[in-house]
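Chemist: Sending over my_file_13.csv (CSV, N, CA and C atoms).
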chain,number,residue,atom,x,y,z
Z,1,GLN,N,-26.3,216.6,98.7
Z,1,GLN,CA,-25.0,216.0,98.3
Z,1,GLN,C,-24.5,215.1,99.4
Z,2,VAL,N,-24.3,213.8,99.1
Z,2,VAL,CA,-23.9,212.8,100.0
Z,2,VAL,C,-22.4,212.9,100.1
Z,3,GLN,N,-21.9,212.9,101.4
Z,3,GLN,CA,-20.5,212.9,101.6
Z,3,GLN,C,-20.1,211.8,102.6
Z,4,LEU,N,-19.0,211.1,102.3
Z,4,LEU,CA,-18.5,210.1,103.2
Z,4,LEU,C,-17.1,210.5,103.7
Z,5,VAL,N,-16.9,210.5,104.9
Z,5,VAL,CA,-15.6,210.9,105.5
Z,5,VAL,C,-15.0,209.8,106.3
Z,6,GLU,N,-13.8,209.3,105.9
Z,6,GLU,CA,-13.2,208.2,106.6
Z,6,GLU,C,-12.2,208.8,107.6
Z,7,SER,N,-11.9,208.0,108.7
Z,7,SER,CA,-10.9,208.4,109.6
Z,7,SER,C,-10.5,207.1,110.3
Z,8,GLY,N,-9.3,207.2,111.0
Z,8,GLY,CA,-8.9,206.1,111.9
Z,8,GLY,C,-7.7,205.3,111.3
Z,9,GLY,N,-7.3,205.7,110.1
Z,9,GLY,CA,-6.1,205.0,109.6
Z,9,GLY,C,-4.8,205.4,110.3
Z,10,GLY,N,-3.8,204.7,110.0
Z,10,GLY,CA,-2.5,205.0,110.6
Z,10,GLY,C,-1.5,203.9,110.5
Z,11,LEU,N,-0.4,204.0,111.2
Z,11,LEU,CA,0.6,203.0,111.2
Z,11,LEU,C,0.5,202.1,112.5
Z,12,VAL,N,0.6,200.8,112.3
Z,12,VAL,CA,0.4,199.9,113.4
Z,12,VAL,C,1.3,198.7,113.2
Z,13,GLN,N,1.8,198.1,114.3
Z,13,GLN,CA,2.6,196.9,114.2
Z,13,GLN,C,1.8,195.7,113.9
Z,14,ALA,N,2.4,194.7,113.3
Z,14,ALA,CA,1.7,193.5,113.0
Z,14,ALA,C,1.1,192.9,114.3
Z,15,GLY,N,-0.1,192.4,114.3
Z,15,GLY,CA,-0.8,191.9,115.5
Z,15,GLY,C,-1.6,193.0,116.2
Z,16,GLY,N,-1.5,194.2,115.8
Z,16,GLY,CA,-2.2,195.3,116.4
Z,16,GLY,C,-3.6,195.5,115.8
Z,17,SER,N,-4.3,196.5,116.3
Z,17,SER,CA,-5.7,196.8,115.9
Z,17,SER,C,-5.9,198.2,115.5
Z,18,LEU,N,-6.8,198.4,114.7
Z,18,LEU,CA,-7.3,199.8,114.3
Z,18,LEU,C,-8.8,199.7,114.1
Z,19,ARG,N,-9.4,200.9,114.3
Z,19,ARG,CA,-10.8,201.0,114.0
Z,19,ARG,C,-11.0,202.2,113.0
Z,20,LEU,N,-11.5,201.8,111.8
Z,20,LEU,CA,-11.8,202.9,110.8
Z,20,LEU,C,-13.3,203.3,111.0
Z,21,SER,N,-13.5,204.6,110.7
Z,21,SER,CA,-14.8,205.1,110.8
Z,21,SER,C,-15.2,205.8,109.4
Z,22,CYS,N,-16.4,205.7,109.1
Z,22,CYS,CA,-16.9,206.3,107.8
Z,22,CYS,C,-18.2,207.1,108.2
Z,23,ALA,N,-18.1,208.4,108.3
Z,23,ALA,CA,-19.2,209.2,108.7
Z,23,ALA,C,-19.9,209.7,107.5
Z,24,ALA,N,-21.2,209.5,107.4
Z,24,ALA,CA,-22.0,209.9,106.3
Z,24,ALA,C,-22.8,211.2,106.6
Z,25,SER,N,-23.0,212.0,105.5
Z,25,SER,CA,-23.7,213.2,105.7
Z,25,SER,C,-25.2,213.1,105.8
Z,26,VAL,N,-25.7,211.8,105.5
Z,26,VAL,CA,-27.1,211.5,105.6
Z,26,VAL,C,-27.3,210.2,106.4
Z,27,SER,N,-28.5,209.9,106.7
Z,27,SER,CA,-28.7,208.7,107.4
Z,27,SER,C,-28.2,207.5,106.7
Z,28,ILE,N,-27.5,206.6,107.4
Z,28,ILE,CA,-27.0,205.4,106.7
Z,28,ILE,C,-28.2,204.5,106.3
Z,29,PHE,N,-29.4,204.7,106.8
Z,29,PHE,CA,-30.5,203.9,106.4
Z,29,PHE,C,-30.9,204.3,105.0
Z,30,SER,N,-30.4,205.4,104.5
Z,30,SER,CA,-30.8,205.8,103.1
Z,30,SER,C,-30.1,205.0,102.1
Z,31,PHE,N,-29.1,204.3,102.5
Z,31,PHE,CA,-28.3,203.5,101.5
Z,31,PHE,C,-28.8,202.0,101.5
Z,32,ASN,N,-28.6,201.4,100.3
Z,32,ASN,CA,-29.0,200.0,100.2
Z,32,ASN,C,-28.0,199.1,101.0
Z,33,TYR,N,-26.7,199.5,100.9
Z,33,TYR,CA,-25.7,198.9,101.8
Z,33,TYR,C,-24.4,199.7,101.7
Z,34,MET,N,-23.6,199.5,102.7
Z,34,MET,CA,-22.3,200.2,102.8
Z,34,MET,C,-21.2,199.2,102.9
Z,35,ALA,N,-20.0,199.6,102.5
Z,35,ALA,CA,-18.9,198.6,102.4
Z,35,ALA,C,-17.6,199.3,102.6
Z,36,TRP,N,-16.6,198.5,102.9
Z,36,TRP,CA,-15.2,199.0,102.9
Z,36,TRP,C,-14.4,198.2,101.8
Z,37,TYR,N,-13.7,199.0,101.1
Z,37,TYR,CA,-12.8,198.4,100.1
Z,37,TYR,C,-11.4,198.8,100.4
Z,38,ARG,N,-10.4,198.1,99.8
Z,38,ARG,CA,-9.0,198.5,100.0
Z,38,ARG,C,-8.3,198.3,98.7
Z,39,GLN,N,-7.2,199.1,98.6
Z,39,GLN,CA,-6.4,199.0,97.4
Z,39,GLN,C,-4.9,199.1,97.8
Z,40,ALA,N,-4.2,198.1,97.6
Z,40,ALA,CA,-2.7,198.1,97.9
Z,40,ALA,C,-2.0,198.5,96.7
Z,41,PRO,N,-0.8,199.1,96.8
Z,41,PRO,CA,0.0,199.5,95.7
Z,41,PRO,C,0.2,198.4,94.6
Z,42,GLY,N,-0.1,198.7,93.4
Z,42,GLY,CA,0.0,197.7,92.3
Z,42,GLY,C,-1.0,196.6,92.3
Z,43,LYS,N,-2.0,196.7,93.1
Z,43,LYS,CA,-3.1,195.7,93.1
Z,43,LYS,C,-4.4,196.3,92.9
Z,44,GLN,N,-5.4,195.5,92.5
Z,44,GLN,CA,-6.7,196.0,92.2
Z,44,GLN,C,-7.5,196.2,93.5
Z,45,ARG,N,-8.4,197.1,93.5
Z,45,ARG,CA,-9.2,197.3,94.6
Z,45,ARG,C,-10.1,196.1,94.9
Z,46,GLU,N,-10.2,195.8,96.2
Z,46,GLU,CA,-10.9,194.6,96.6
Z,46,GLU,C,-11.9,194.9,97.7
Z,47,LEU,N,-13.0,194.2,97.7
Z,47,LEU,CA,-14.0,194.4,98.8
Z,47,LEU,C,-13.5,193.7,100.0
Z,48,VAL,N,-13.6,194.4,101.1
Z,48,VAL,CA,-13.1,193.9,102.4
Z,48,VAL,C,-14.3,193.4,103.2
Z,49,ALA,N,-15.4,194.3,103.3
Z,49,ALA,CA,-16.5,193.9,104.1
Z,49,ALA,C,-17.7,194.8,103.7
Z,50,SER,N,-18.9,194.3,103.9
Z,50,SER,CA,-20.1,195.0,103.6
Z,50,SER,C,-21.2,194.8,104.6
Z,51,ILE,N,-22.1,195.7,104.7
Z,51,ILE,CA,-23.2,195.6,105.6
Z,51,ILE,C,-24.5,196.2,105.0
Z,52,THR,N,-25.6,195.5,105.1
Z,52,THR,CA,-26.8,196.0,104.6
Z,52,THR,C,-27.6,196.7,105.7
Z,53,THR,N,-28.7,197.3,105.2
Z,53,THR,CA,-29.5,198.1,106.2
Z,53,THR,C,-30.2,197.1,107.2
Z,54,SER,N,-30.3,195.8,106.9
Z,54,SER,CA,-30.9,194.9,107.8
Z,54,SER,C,-29.8,194.3,108.7
Z,55,GLY,N,-28.6,194.7,108.5
Z,55,GLY,CA,-27.5,194.2,109.4
Z,55,GLY,C,-26.7,193.0,108.9
Z,56,SER,N,-27.1,192.5,107.7
Z,56,SER,CA,-26.4,191.4,107.2
Z,56,SER,C,-25.0,191.8,106.7
Z,57,THR,N,-24.0,191.0,107.1
Z,57,THR,CA,-22.6,191.3,106.8
Z,57,THR,C,-21.9,190.3,105.8
Z,58,ASN,N,-20.9,190.7,105.2
Z,58,ASN,CA,-20.2,189.9,104.3
Z,58,ASN,C,-18.7,190.3,104.4
Z,59,TYR,N,-17.8,189.3,104.3
Z,59,TYR,CA,-16.4,189.6,104.5
Z,59,TYR,C,-15.5,188.8,103.4
Z,60,ALA,N,-14.4,189.5,103.0
Z,60,ALA,CA,-13.5,188.8,102.2
Z,60,ALA,C,-12.9,187.6,103.0
Z,61,ASP,N,-12.5,186.6,102.4
Z,61,ASP,CA,-12.0,185.4,103.1
Z,61,ASP,C,-10.7,185.8,103.8
Z,62,SER,N,-9.9,186.7,103.3
Z,62,SER,CA,-8.7,187.1,103.9
Z,62,SER,C,-8.8,187.8,105.2
Z,63,VAL,N,-10.0,188.3,105.5
Z,63,VAL,CA,-10.2,189.1,106.8
Z,63,VAL,C,-11.2,188.5,107.7
Z,64,LYS,N,-11.8,187.4,107.3
Z,64,LYS,CA,-12.8,186.7,108.2
Z,64,LYS,C,-12.2,186.3,109.5
Z,65,GLY,N,-12.9,186.6,110.6
Z,65,GLY,CA,-12.4,186.3,111.9
Z,65,GLY,C,-11.5,187.4,112.5
Z,66,ARG,N,-11.1,188.3,111.7
Z,66,ARG,CA,-10.2,189.4,112.2
Z,66,ARG,C,-10.9,190.8,112.1
Z,67,PHE,N,-11.7,191.0,111.1
Z,67,PHE,CA,-12.3,192.3,110.9
Z,67,PHE,C,-13.8,192.2,111.2
Z,68,THR,N,-14.4,193.3,111.7
Z,68,THR,CA,-15.8,193.4,111.9
Z,68,THR,C,-16.3,194.7,111.4
Z,69,ILE,N,-17.4,194.6,110.6
Z,69,ILE,CA,-18.0,195.8,110.1
Z,69,ILE,C,-19.3,196.0,110.9
Z,70,SER,N,-19.6,197.3,111.3
Z,70,SER,CA,-20.8,197.6,112.1
Z,70,SER,C,-21.2,199.0,111.8
Z,71,GLY,N,-22.5,199.3,112.2
Z,71,GLY,CA,-23.0,200.6,111.9
Z,71,GLY,C,-23.6,201.2,113.1
Z,72,ASP,N,-23.6,202.5,113.3
Z,72,ASP,CA,-24.2,203.2,114.3
Z,72,ASP,C,-25.2,204.2,113.7
Z,73,ASN,N,-26.4,203.9,113.7
Z,73,ASN,CA,-27.4,204.7,113.0
Z,73,ASN,C,-27.5,206.1,113.6
Z,74,ALA,N,-27.4,206.2,114.9
Z,74,ALA,CA,-27.5,207.5,115.5
Z,74,ALA,C,-26.4,208.4,115.1
Z,75,LYS,N,-25.2,207.9,114.8
Z,75,LYS,CA,-24.1,208.7,114.4
Z,75,LYS,C,-23.9,208.7,112.9
Z,76,ASN,N,-24.8,208.0,112.1
Z,76,ASN,CA,-24.6,207.9,110.7
Z,76,ASN,C,-23.2,207.5,110.3
Z,77,THR,N,-22.7,206.5,111.0
Z,77,THR,CA,-21.4,206.1,110.9
Z,77,THR,C,-21.3,204.6,110.8
Z,78,VAL,N,-20.4,204.1,109.9
Z,78,VAL,CA,-20.1,202.7,109.7
Z,78,VAL,C,-18.6,202.5,110.1
Z,79,TYR,N,-18.4,201.4,110.9
Z,79,TYR,CA,-17.0,201.2,111.4
Z,79,TYR,C,-16.5,199.9,110.8
Z,80,LEU,N,-15.1,199.9,110.8
Z,80,LEU,CA,-14.4,198.6,110.4
Z,80,LEU,C,-13.4,198.4,111.5
Z,81,ARG,N,-13.7,197.4,112.4
Z,81,ARG,CA,-12.8,197.1,113.4
Z,81,ARG,C,-11.8,196.0,112.8
Z,82,MET,N,-10.5,196.3,112.9
Z,82,MET,CA,-9.5,195.4,112.4
Z,82,MET,C,-8.6,194.9,113.5
Z,83,ASN,N,-8.6,193.6,113.7
Z,83,ASN,CA,-7.7,193.0,114.7
Z,83,ASN,C,-6.7,192.1,114.0
Z,84,SER,N,-5.7,191.8,114.8
Z,84,SER,CA,-4.6,190.9,114.3
Z,84,SER,C,-4.1,191.3,112.9
Z,85,LEU,N,-3.8,192.5,112.8
Z,85,LEU,CA,-3.4,193.1,111.5
Z,85,LEU,C,-2.1,192.4,111.0
Z,86,LYS,N,-2.1,192.3,109.7
Z,86,LYS,CA,-0.9,191.7,109.1
Z,86,LYS,C,-0.3,192.7,108.1
Z,87,PRO,N,1.0,192.6,107.8
Z,87,PRO,CA,1.6,193.5,106.8
Z,87,PRO,C,0.8,193.5,105.4
Z,88,GLU,N,0.2,192.4,105.1
Z,88,GLU,CA,-0.5,192.3,103.8
Z,88,GLU,C,-1.9,193.1,103.9
Z,89,ASP,N,-2.2,193.6,105.1
Z,89,ASP,CA,-3.4,194.4,105.2
Z,89,ASP,C,-3.1,195.9,104.8
Z,90,THR,N,-1.9,196.2,104.6
Z,90,THR,CA,-1.5,197.5,104.2
Z,90,THR,C,-2.1,197.9,102.9
Z,91,ALA,N,-2.9,199.1,103.0
Z,91,ALA,CA,-3.6,199.5,101.8
Z,91,ALA,C,-4.3,200.9,102.1
Z,92,VAL,N,-4.8,201.5,101.1
Z,92,VAL,CA,-5.7,202.6,101.3
Z,92,VAL,C,-7.1,202.0,101.4
Z,93,TYR,N,-7.8,202.3,102.5
Z,93,TYR,CA,-9.1,201.8,102.8
Z,93,TYR,C,-10.2,202.9,102.4
Z,94,SER,N,-11.2,202.5,101.7
Z,94,SER,CA,-12.2,203.5,101.2
Z,94,SER,C,-13.6,203.0,101.6
Z,95,CYS,N,-14.4,203.9,102.0
Z,95,CYS,CA,-15.8,203.6,102.3
Z,95,CYS,C,-16.6,203.8,101.1
Z,96,ASN,N,-17.6,202.9,100.9
Z,96,ASN,CA,-18.5,203.0,99.8
Z,96,ASN,C,-19.9,202.8,100.2
Z,97,ALA,N,-20.8,203.6,99.6
Z,97,ALA,CA,-22.2,203.6,100.0
Z,97,ALA,C,-23.0,203.5,98.7
Z,98,LYS,N,-23.9,202.5,98.6
Z,98,LYS,CA,-24.7,202.4,97.4
Z,98,LYS,C,-26.2,202.7,97.7
Z,99,GLN,N,-26.6,203.7,96.9
Z,99,GLN,CA,-28.0,204.1,96.9
Z,99,GLN,C,-28.5,203.9,95.5
Z,100,ILE,N,-28.8,202.7,95.2
Z,100,ILE,CA,-29.0,202.3,93.8
Z,100,ILE,C,-29.9,203.3,93.0
Z,101,PRO,N,-29.5,203.8,91.9
Z,101,PRO,CA,-28.3,203.4,91.1
Z,101,PRO,C,-27.0,204.2,91.4
Z,102,ARG,N,-27.0,205.0,92.5
Z,102,ARG,CA,-25.9,205.9,92.8
Z,102,ARG,C,-24.9,205.2,93.6
Z,103,ASP,N,-23.6,205.6,93.5
Z,103,ASP,CA,-22.5,205.0,94.2
Z,103,ASP,C,-21.7,206.1,94.8
Z,104,TYR,N,-21.4,206.1,96.1
Z,104,TYR,CA,-20.6,207.2,96.7
Z,104,TYR,C,-19.4,206.6,97.3
Z,105,TRP,N,-18.3,207.4,97.3
Z,105,TRP,CA,-17.0,207.0,97.8
Z,105,TRP,C,-16.4,208.1,98.7
Z,106,GLY,N,-15.7,207.6,99.8
Z,106,GLY,CA,-15.0,208.6,100.6
Z,106,GLY,C,-13.6,208.8,100.0
Z,107,GLN,N,-12.8,209.6,100.6
Z,107,GLN,CA,-11.5,209.9,100.1
Z,107,GLN,C,-10.4,208.9,100.4
Z,108,GLY,N,-10.7,208.0,101.3
Z,108,GLY,CA,-9.8,206.9,101.6
Z,108,GLY,C,-8.9,207.3,102.8
Z,109,THR,N,-8.4,206.3,103.5
Z,109,THR,CA,-7.5,206.5,104.6
Z,109,THR,C,-6.5,205.4,104.6
Z,110,GLN,N,-5.2,205.8,104.8
Z,110,GLN,CA,-4.1,204.8,104.7
Z,110,GLN,C,-3.9,204.0,105.9
Z,111,VAL,N,-3.8,202.7,105.7
Z,111,VAL,CA,-3.5,201.8,106.8
Z,111,VAL,C,-2.2,201.1,106.5
Z,112,THR,N,-1.2,201.3,107.4
Z,112,THR,CA,0.1,200.7,107.1
Z,112,THR,C,0.4,199.8,108.3
Z,113,VAL,N,0.7,198.5,108.0
Z,113,VAL,CA,1.0,197.5,109.1
Z,113,VAL,C,2.5,197.1,108.9
Z,114,SER,N,3.3,197.4,109.9
Z,114,SER,CA,4.7,197.1,109.9
Z,114,SER,C,5.0,195.7,110.5
Z,115,SER,N,6.0,195.0,109.9
Z,115,SER,CA,6.3,193.7,110.4
Z,115,SER,C,7.3,193.7,111.5
What would you get if you wrote out this structure as structure tokens?
Modeler:
Amino acid sequence: QVQLVESGGGLVQAGGSLRLSCAASVSIFSFNYMAWYRQAPGKQRELVASITTSGSTNYADSVKGRFTISGDNAKNTVYLRMNSLKPEDTAVYSCNAKQIPRDYWGQGTQVTVSS
């Protein structure tokens, strides 16, 4: 049974930084790719960043240059480093792992950015 556990969310002032962690119960190499999504109140869930097993990354335009996704294979953990946070980054951030055709999700972690 694959489990994903997120941590690192919280309340931060605009301009601040946070690092989210997504710890997997299996090797992250077992996934085709992993990603972070977010969903703000009243909005659809959106892809924030993704990373493949080869290390290729992809970012939403709204976070390019501010967020960095990375993986630590030894810790079976994927991180999302978030810098220069803005109030519009406020959302529940969820970790996703794809092991085609299966799709796994964490429980989500709240990020709140105050102005």
Chemist: So which one's closest to Val78 (chain Z), Z:Leu18, Z:Ala23, Z:Ala91, Z:Val63? Using all atoms listed in the file, please.
Modeler: Z:Ala23
Chemist: For the atom pair CA of Val12 (chain Z) and CA of Tyr104 (chain Z), what is the interatomic distance in Å to one decimal place?
Modeler: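 Value for the CA of Val12 (chain Z)-CA of Tyr104 (chain Z) distance: 27.8 Å.
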Chemist: Kindly give the distance, in Å, that separates CA of Arg66 (chain Z) and CA of Ser25 (chain Z), rounded to a single decimal.
Modeler: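 Distance reported for this atom pair: 28.1 Å.
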Chemist: For atom C of Ser7 (chain Z) and atom N of Met34 (chain Z), determine how far apart the two atoms are, in Å to one decimal place.
Modeler: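 Calculated distance between atom C of Ser7 (chain Z) and atom N of Met34 (chain Z) is 16.9 Å.
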Chemist: Which polymer residues have any atom within 6.5 Å of an atom of Tyr37 (chain Z), counting all atoms listed in the file, with same-chain residues fewer than 3 positions away left out, as number ranges by chain?
Modeler: Z: 45-49, 92-96
Chemist: Extract, using only C-alpha atoms, all DNA, RNA and protein residues at most 10 Å from Gln3 (chain Z), discarding same-chain residues fewer than 5 positions from it, and format them as a VMD selection string.
Modeler: chain Z and resid 22 to 26 97 104 to 107
Chemist: Smallest atom-to-atom distance to Arg19 (chain Z): which of Z:Thr68, Z:Asn32, Z:Gln44, Z:Ser50, using only C-alpha atoms?
Modeler: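 Closest to Arg19 (chain Z) of all the choices is Z:Thr68.
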Chemist: Ranking Z:Leu85, Z:Val111, Z:Ala14, Z:Gln1 by minimum distance to Ser62 (chain Z) and counting only C-alpha atoms, which one comes first?
Modeler: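 Using only C-alpha atoms, Ser62 (chain Z) sits closest to Z:Leu85.
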Chemist: Which is closest to Tyr33 (chain Z) among Z:Ala74, Z:Leu4, Z:Leu11, Z:Ile51, if we use all atoms listed in the file?
Modeler: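 For Tyr33 (chain Z), the nearest of the candidates is Z:Ile51.
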Chemist: In region 37-73 of chain Z, what's strand (DSSP E or B) per DSSP? Answer as an mmCIF file with N, CA and C atoms, in the frame of the given file?
Modeler:
data_model
loop_
_atom_site.group_PDB
_atom_site.id
_atom_site.type_symbol
_atom_site.label_atom_id
_atom_site.label_comp_id
_atom_site.auth_asym_id
_atom_site.auth_seq_id
_atom_site.Cartn_x
_atom_site.Cartn_y
_atom_site.Cartn_z
ATOM 1 N N TYR Z 37 -13.700 199.000 101.100
ATOM 2 C CA TYR Z 37 -12.800 198.400 100.100
ATOM 3 C C TYR Z 37 -11.400 198.800 100.400
ATOM 4 N N ARG Z 38 -10.400 198.100 99.800
ATOM 5 C CA ARG Z 38 -9.000 198.500 100.000
ATOM 6 C C ARG Z 38 -8.300 198.300 98.700
ATOM 7 N N GLN Z 39 -7.200 199.100 98.600
ATOM 8 C CA GLN Z 39 -6.400 199.000 97.400
ATOM 9 C C GLN Z 39 -4.900 199.100 97.800
ATOM 10 N N GLU Z 46 -10.200 195.800 96.200
ATOM 11 C CA GLU Z 46 -10.900 194.600 96.600
ATOM 12 C C GLU Z 46 -11.900 194.900 97.700
ATOM 13 N N LEU Z 47 -13.000 194.200 97.700
ATOM 14 C CA LEU Z 47 -14.000 194.400 98.800
ATOM 15 C C LEU Z 47 -13.500 193.700 100.000
ATOM 16 N N VAL Z 48 -13.600 194.400 101.100
ATOM 17 C CA VAL Z 48 -13.100 193.900 102.400
ATOM 18 C C VAL Z 48 -14.300 193.400 103.200
ATOM 19 N N ALA Z 49 -15.400 194.300 103.300
ATOM 20 C CA ALA Z 49 -16.500 193.900 104.100
ATOM 21 C C ALA Z 49 -17.700 194.800 103.700
ATOM 22 N N SER Z 50 -18.900 194.300 103.900
ATOM 23 C CA SER Z 50 -20.100 195.000 103.600
ATOM 24 C C SER Z 50 -21.200 194.800 104.600
ATOM 25 N N ILE Z 51 -22.100 195.700 104.700
ATOM 26 C CA ILE Z 51 -23.200 195.600 105.600
ATOM 27 C C ILE Z 51 -24.500 196.200 105.000
ATOM 28 N N THR Z 52 -25.600 195.500 105.100
ATOM 29 C CA THR Z 52 -26.800 196.000 104.600
ATOM 30 C C THR Z 52 -27.600 196.700 105.700
ATOM 31 N N THR Z 57 -24.000 191.000 107.100
ATOM 32 C CA THR Z 57 -22.600 191.300 106.800
ATOM 33 C C THR Z 57 -21.900 190.300 105.800
ATOM 34 N N ASN Z 58 -20.900 190.700 105.200
ATOM 35 C CA ASN Z 58 -20.200 189.900 104.300
ATOM 36 C C ASN Z 58 -18.700 190.300 104.400
ATOM 37 N N TYR Z 59 -17.800 189.300 104.300
ATOM 38 C CA TYR Z 59 -16.400 189.600 104.500
ATOM 39 C C TYR Z 59 -15.500 188.800 103.400
ATOM 40 N N PHE Z 67 -11.700 191.000 111.100
ATOM 41 C CA PHE Z 67 -12.300 192.300 110.900
ATOM 42 C C PHE Z 67 -13.800 192.200 111.200
ATOM 43 N N THR Z 68 -14.400 193.300 111.700
ATOM 44 C CA THR Z 68 -15.800 193.400 111.900
ATOM 45 C C THR Z 68 -16.300 194.700 111.400
ATOM 46 N N ILE Z 69 -17.400 194.600 110.600
ATOM 47 C CA ILE Z 69 -18.000 195.800 110.100
ATOM 48 C C ILE Z 69 -19.300 196.000 110.900
ATOM 49 N N SER Z 70 -19.600 197.300 111.300
ATOM 50 C CA SER Z 70 -20.800 197.600 112.100
ATOM 51 C C SER Z 70 -21.200 199.000 111.800
ATOM 52 N N GLY Z 71 -22.500 199.300 112.200
ATOM 53 C CA GLY Z 71 -23.000 200.600 111.900
ATOM 54 C C GLY Z 71 -23.600 201.200 113.100
ATOM 55 N N ASP Z 72 -23.600 202.500 113.300
ATOM 56 C CA ASP Z 72 -24.200 203.200 114.300
ATOM 57 C C ASP Z 72 -25.200 204.200 113.700
#
